[in-house]
Amino acid sequence: MPPSSPFDVDAFYPDAADEDKLKEECGIFGVIGVKDAASFVALGLHALQHRGQEAGGIVTHHPEHGFNQTRRFGYVRDNFTSASVMETLPGPLAIGHVRYSTAGSKGPTAIRDVQPFFGEFSMGGAAIAHNGNITNANALRRELIERGSIFQSSSDSECIIHLMARSLQRNIPERMEDALRRVEGAFSVVAMTRTKLIGVRDPLGVRPLVLGQVGDGWALSSETCALDIIGADFVREIKPGEMVVITEKGVESHFPFRPAPPRFCIFEHVYFSRPDSIIGGRSVYETREAIGMELAKESPVDADLVCPVPDSGTPAAIGYARQSGIPYGMGIIRNQYVGRTFIEPTEQIRNMGVRLKLNVNRALISGKRVILVDDSVVRGTTSRKIKEMILDAGAAEVHFRIASPPTAWPCFYGVDTPQREKLLAATMSEDEMCAHLAVDSLKFISLDGLYRAVGEAKGRDNSCPQYCDACFSGEYPVEPADMIAQGFELKAAE
Ligand code: SF4
């Protein structure tokens with residue numbers, strides 16, 4: 001995406017402080033039975049903006065004006081707030097999507113890859129918005145193109161529309177079921193017809209999807225935090241393998257797929273979801289505190305200060321401090337407004353990197369033995385820079401404590417991960433990473449410790465893990481067929 005302005009630092013350095021993070025790719029939201037559904041969807045997408053900042057789109061249906069859509073690059077607040085745009089999206093039924101590209105074009109995105117996707121079928125139109133990744137999309141695309149389908153985008157999600165077009169079922173929900181039975185990987189989908197809002201989760205329930213009630217209407221959302229913003233009551237999570245079809249008569253539930261033991265993404269608890277969301281009946285914030293407490297039990301160290309790497313390390317740092325009895329302090333301050341500053345992006349500014357977003361609270365750090373708590377280490381580049389900043393500020397010692405196990409494998413289920421070789425933990429042991437980062441100590445939470453913190457008292461069930469943890473364990477619950485065809489090697493059996 002070209003920067004919107006030469007002075008928009010975020011556009012030039014979107015990952016200045018977050019380059020060491022995995023990127024969740026999408027947030028989805030839908031609503032039926034309210035006046036001006038598009039405004040509700042815009043608010044919902046705004047609350048889900050952490051799941052994708054590259055682009056967003058909204059499709060609506062109005063009984064007289066039919067389907068309308070707008071898809072734009074950039075933040076929801078910059079695209080879906082003006083009356084002139086929202087007036088073009090009338091009607092009581094709408095779905096929307098925010099995107100960070102995982103499949104489809106990378107880097108500069110084409111607008112054709114921005115969702116929701118719309119298709120016109122003999123029984124009427126339908127739009128879909130997808131969160132996740134289809135692991136057999138290349139094979140499906142080849143097959144569909146050979147049979148005459150004409151693709152408009154490079155997105156894996158478009159396969160669903162073409163599979164629906166080829167289905168012989170008589171109504172759109174049944175065509176969706178047909179299509180999604182051919183799809184492998186992770187998918188949470190919100191879709192709409194002229195009269196129905198539809199939500200589906202893949203059989204393993206890898207990505208989240210929740211149901212809410214707003215007045216006489218209903219909402220579907222990636223996370224509960226987006227229900228809060230529109231004043232909807234959280235009703236329940238859509239179950240793994242469930243399809244809900246919502247009309248003015250209410251919510252119908254189906255289970256169209258072969259049942260399988262659920263494998264929800266454990267990284268949603270650690271990092272992707274917002275801390276004010278509820279997952280599996282527990283507050284994400286409380287789970288992250290519990291992760292920090294577990295980490296303190298597993299890897300204690302003598303120190304003077306527990307300090308989060310903001311913002312995502314904060315709840316775990318609070319948990320670590322509580323468990324260890326070591327004082328908590330904001331030793332690093334994040335500038336929330338860097339994207340809005342008016343700084344000409346010269347080479348000198350470019351080299352400032354992490355310092356554009358994070359600054360050390362020197363008065364707190366100086367002379368102290370500091371425990372830095374972060375949610376994850378991906379490439380290790382940001383961790384190194386943060387360590388240098390802390391030492392420059394006069395810290396006596398720096399100890400890293402990480403609220404997830406080493407990220408040693410890429411995710412193929414809707415999270416943007418570097419190639420395996422670029423993951424620090426894929427090529428180094430914990431001791432080697434400690435030496436590479438040049439810190440006094442480095443410890444990650446164990447996989448069992450993480451499972452305990454998310455509520456599994458006995459830890460991980462190795463014969464049938466309760467979550468997807470492939471990026472830590474290398475055990476992929478769905479074989480990534482396209483990647484294997486491209487030469488990706490699965491972990492050898494132990
Ligand atoms: S591989 Fe990791 S990030 Fe991807 S779905 Fe599984 S746990 Fe989540």
# chains A, B, ... in the order shown; residues from 1 in each chain; ligands from 1
call {"tool": "residues_near_ligand", "arguments": {"ligand": "ligand 1", "cutoff": "8 Å", "atoms": "only C-alpha atoms and all ligand atoms", "output": "VMD selection string"}}
result
chain A and resid 22 24 186 206 to 207 264 to 268 409 to 415 467 to 472 476
call {"tool": "select_by_dssp", "arguments": {"residues": "range 27-267 of chain A", "states": "strand (DSSP E)", "output": "PyMOL selection string"}}
result
chain A and resi 27-32+55-62+66-73+93-99+117-121+124-134+185-192+197-201+210-214+217-221+233-237+243-247+250-254+264-265
call {"tool": "write_last_selection", "arguments": {"atoms": "C-alpha atoms", "output": "mmCIF file, in the first residue's frame"}}
result
data_model
loop_
_atom_site.group_PDB
_atom_site.id
_atom_site.type_symbol
_atom_site.label_atom_id
_atom_site.label_comp_id
_atom_site.auth_asym_id
_atom_site.auth_seq_id
_atom_site.Cartn_x
_atom_site.Cartn_y
_atom_site.Cartn_z
ATOM 1 C CA GLY A 27 -11.170 -9.672 11.809
ATOM 2 C CA ILE A 28 -14.744 -10.329 10.732
ATOM 3 C CA PHE A 29 -18.038 -8.847 11.843
ATOM 4 C CA GLY A 30 -21.674 -9.077 10.736
ATOM 5 C CA VAL A 31 -25.022 -7.781 11.933
ATOM 6 C CA ILE A 32 -28.698 -8.334 11.036
ATOM 7 C CA ALA A 55 -7.523 -2.680 4.489
ATOM 8 C CA GLY A 56 -11.194 -3.158 5.239
ATOM 9 C CA GLY A 57 -14.518 -3.599 3.532
ATOM 10 C CA ILE A 58 -18.240 -3.599 4.228
ATOM 11 C CA VAL A 59 -21.097 -5.127 2.207
ATOM 12 C CA THR A 60 -24.732 -4.289 2.989
ATOM 13 C CA HIS A 61 -28.141 -5.270 1.690
ATOM 14 C CA HIS A 62 -31.196 -3.051 1.533
ATOM 15 C CA GLY A 66 -29.978 -4.279 -3.131
ATOM 16 C CA PHE A 67 -26.338 -5.068 -2.330
ATOM 17 C CA ASN A 68 -23.757 -2.326 -1.884
ATOM 18 C CA GLN A 69 -20.115 -2.510 -0.977
ATOM 19 C CA THR A 70 -17.050 -0.399 -0.203
ATOM 20 C CA ARG A 71 -13.531 -1.748 0.136
ATOM 21 C CA ARG A 72 -10.673 0.527 1.073
ATOM 22 C CA PHE A 73 -7.035 0.559 2.161
ATOM 23 C CA LEU A 93 -27.967 -6.396 7.113
ATOM 24 C CA ALA A 94 -24.190 -6.013 6.712
ATOM 25 C CA ILE A 95 -20.897 -7.840 7.036
ATOM 26 C CA GLY A 96 -17.346 -6.522 7.130
ATOM 27 C CA HIS A 97 -13.711 -7.524 7.196
ATOM 28 C CA VAL A 98 -10.394 -6.015 8.273
ATOM 29 C CA ARG A 99 -7.335 -7.467 6.644
ATOM 30 C CA PHE A 117 -16.073 -11.072 -1.581
ATOM 31 C CA PHE A 118 -19.386 -10.973 -3.389
ATOM 32 C CA GLY A 119 -20.896 -13.488 -5.795
ATOM 33 C CA GLU A 120 -24.141 -13.434 -7.780
ATOM 34 C CA PHE A 121 -25.852 -16.840 -7.889
ATOM 35 C CA GLY A 124 -29.474 -14.288 -5.413
ATOM 36 C CA GLY A 125 -26.274 -12.674 -4.264
ATOM 37 C CA ALA A 126 -24.068 -13.600 -1.340
ATOM 38 C CA ALA A 127 -21.034 -12.002 0.302
ATOM 39 C CA ILE A 128 -18.445 -13.687 2.494
ATOM 40 C CA ALA A 129 -15.678 -12.561 4.833
ATOM 41 C CA HIS A 130 -13.094 -15.104 5.934
ATOM 42 C CA ASN A 131 -10.654 -15.242 8.855
ATOM 43 C CA GLY A 132 -8.113 -18.031 8.594
ATOM 44 C CA ASN A 133 -6.178 -19.735 5.874
ATOM 45 C CA ILE A 134 -7.156 -22.427 3.419
ATOM 46 C CA GLY A 185 -7.312 -25.462 7.083
ATOM 47 C CA ALA A 186 -8.731 -22.821 9.346
ATOM 48 C CA PHE A 187 -11.808 -20.779 8.665
ATOM 49 C CA SER A 188 -14.194 -18.627 10.579
ATOM 50 C CA VAL A 189 -16.601 -17.096 8.086
ATOM 51 C CA VAL A 190 -19.365 -14.523 8.224
ATOM 52 C CA ALA A 191 -21.582 -14.402 5.152
ATOM 53 C CA MET A 192 -24.821 -12.794 4.088
ATOM 54 C CA LEU A 197 -26.592 -13.629 8.221
ATOM 55 C CA ILE A 198 -24.499 -16.785 8.329
ATOM 56 C CA GLY A 199 -21.584 -17.727 10.582
ATOM 57 C CA VAL A 200 -19.383 -20.824 10.294
ATOM 58 C CA ARG A 201 -16.344 -22.200 12.145
ATOM 59 C CA VAL A 210 -18.854 -15.316 18.683
ATOM 60 C CA LEU A 211 -22.571 -14.554 18.645
ATOM 61 C CA GLY A 212 -24.154 -11.498 20.216
ATOM 62 C CA GLN A 213 -27.620 -9.970 20.483
ATOM 63 C CA VAL A 214 -28.223 -6.288 19.883
ATOM 64 C CA GLY A 217 -30.956 -7.991 15.992
ATOM 65 C CA TRP A 218 -27.962 -10.301 16.053
ATOM 66 C CA ALA A 219 -24.243 -9.886 15.561
ATOM 67 C CA LEU A 220 -21.348 -12.197 14.703
ATOM 68 C CA SER A 221 -17.807 -11.167 15.561
ATOM 69 C CA ASP A 233 -24.860 -8.839 24.712
ATOM 70 C CA PHE A 234 -22.451 -11.723 24.302
ATOM 71 C CA VAL A 235 -24.612 -14.826 23.787
ATOM 72 C CA ARG A 236 -22.078 -17.597 23.140
ATOM 73 C CA GLU A 237 -19.174 -18.769 21.014
ATOM 74 C CA MET A 243 -22.954 -23.138 11.077
ATOM 75 C CA VAL A 244 -25.527 -20.618 12.320
ATOM 76 C CA VAL A 245 -28.098 -19.169 9.927
ATOM 77 C CA ILE A 246 -29.727 -16.050 11.349
ATOM 78 C CA THR A 247 -32.950 -14.531 9.987
ATOM 79 C CA GLY A 250 -33.960 -16.212 15.023
ATOM 80 C CA VAL A 251 -30.832 -18.381 15.044
ATOM 81 C CA GLU A 252 -30.742 -21.868 13.481
ATOM 82 C CA SER A 253 -27.741 -24.077 14.187
ATOM 83 C CA HIS A 254 -26.307 -26.907 12.032
ATOM 84 C CA PHE A 264 -8.448 -23.594 19.027
ATOM 85 C CA CYS A 265 -5.361 -21.420 18.403
#
call {"tool": "atom_distance", "arguments": {"atom1": "CA of Asp78 in chain A", "atom2": "CA of Ile111 in chain A"}}
result
16.2 Å
call {"tool": "select_by_dssp", "arguments": {"residues": "range 348-408 of chain A", "states": "alpha helix (DSSP H)", "output": "list in words"}}
result
Gln348, Ile349, Arg350, Asn351, Met352, Arg362, Ala363, Leu364, Ile365, Thr381, Thr382, Ser383, Arg384, Lys385, Ile386, Lys387, Glu388, Met389, Ile390, Leu391 and Asp392 of chain A
call {"tool": "residues_around", "arguments": {"residues": "range 394-399 of chain A", "least_positions_apart": "2", "cutoff": "9 Å", "atoms": "only C-alpha atoms", "output": "list in words"}}
result
Val301, Ala303, Arg362, Ile365, Ser366, Gly367, Lys368, Arg369, Val370, Ile371, Leu372, Val373, Lys387, Met389, Ile390, Leu391, Asp392, Arg401, Val439, Asp440, Ser441, Leu442 and Lys443 of chain A
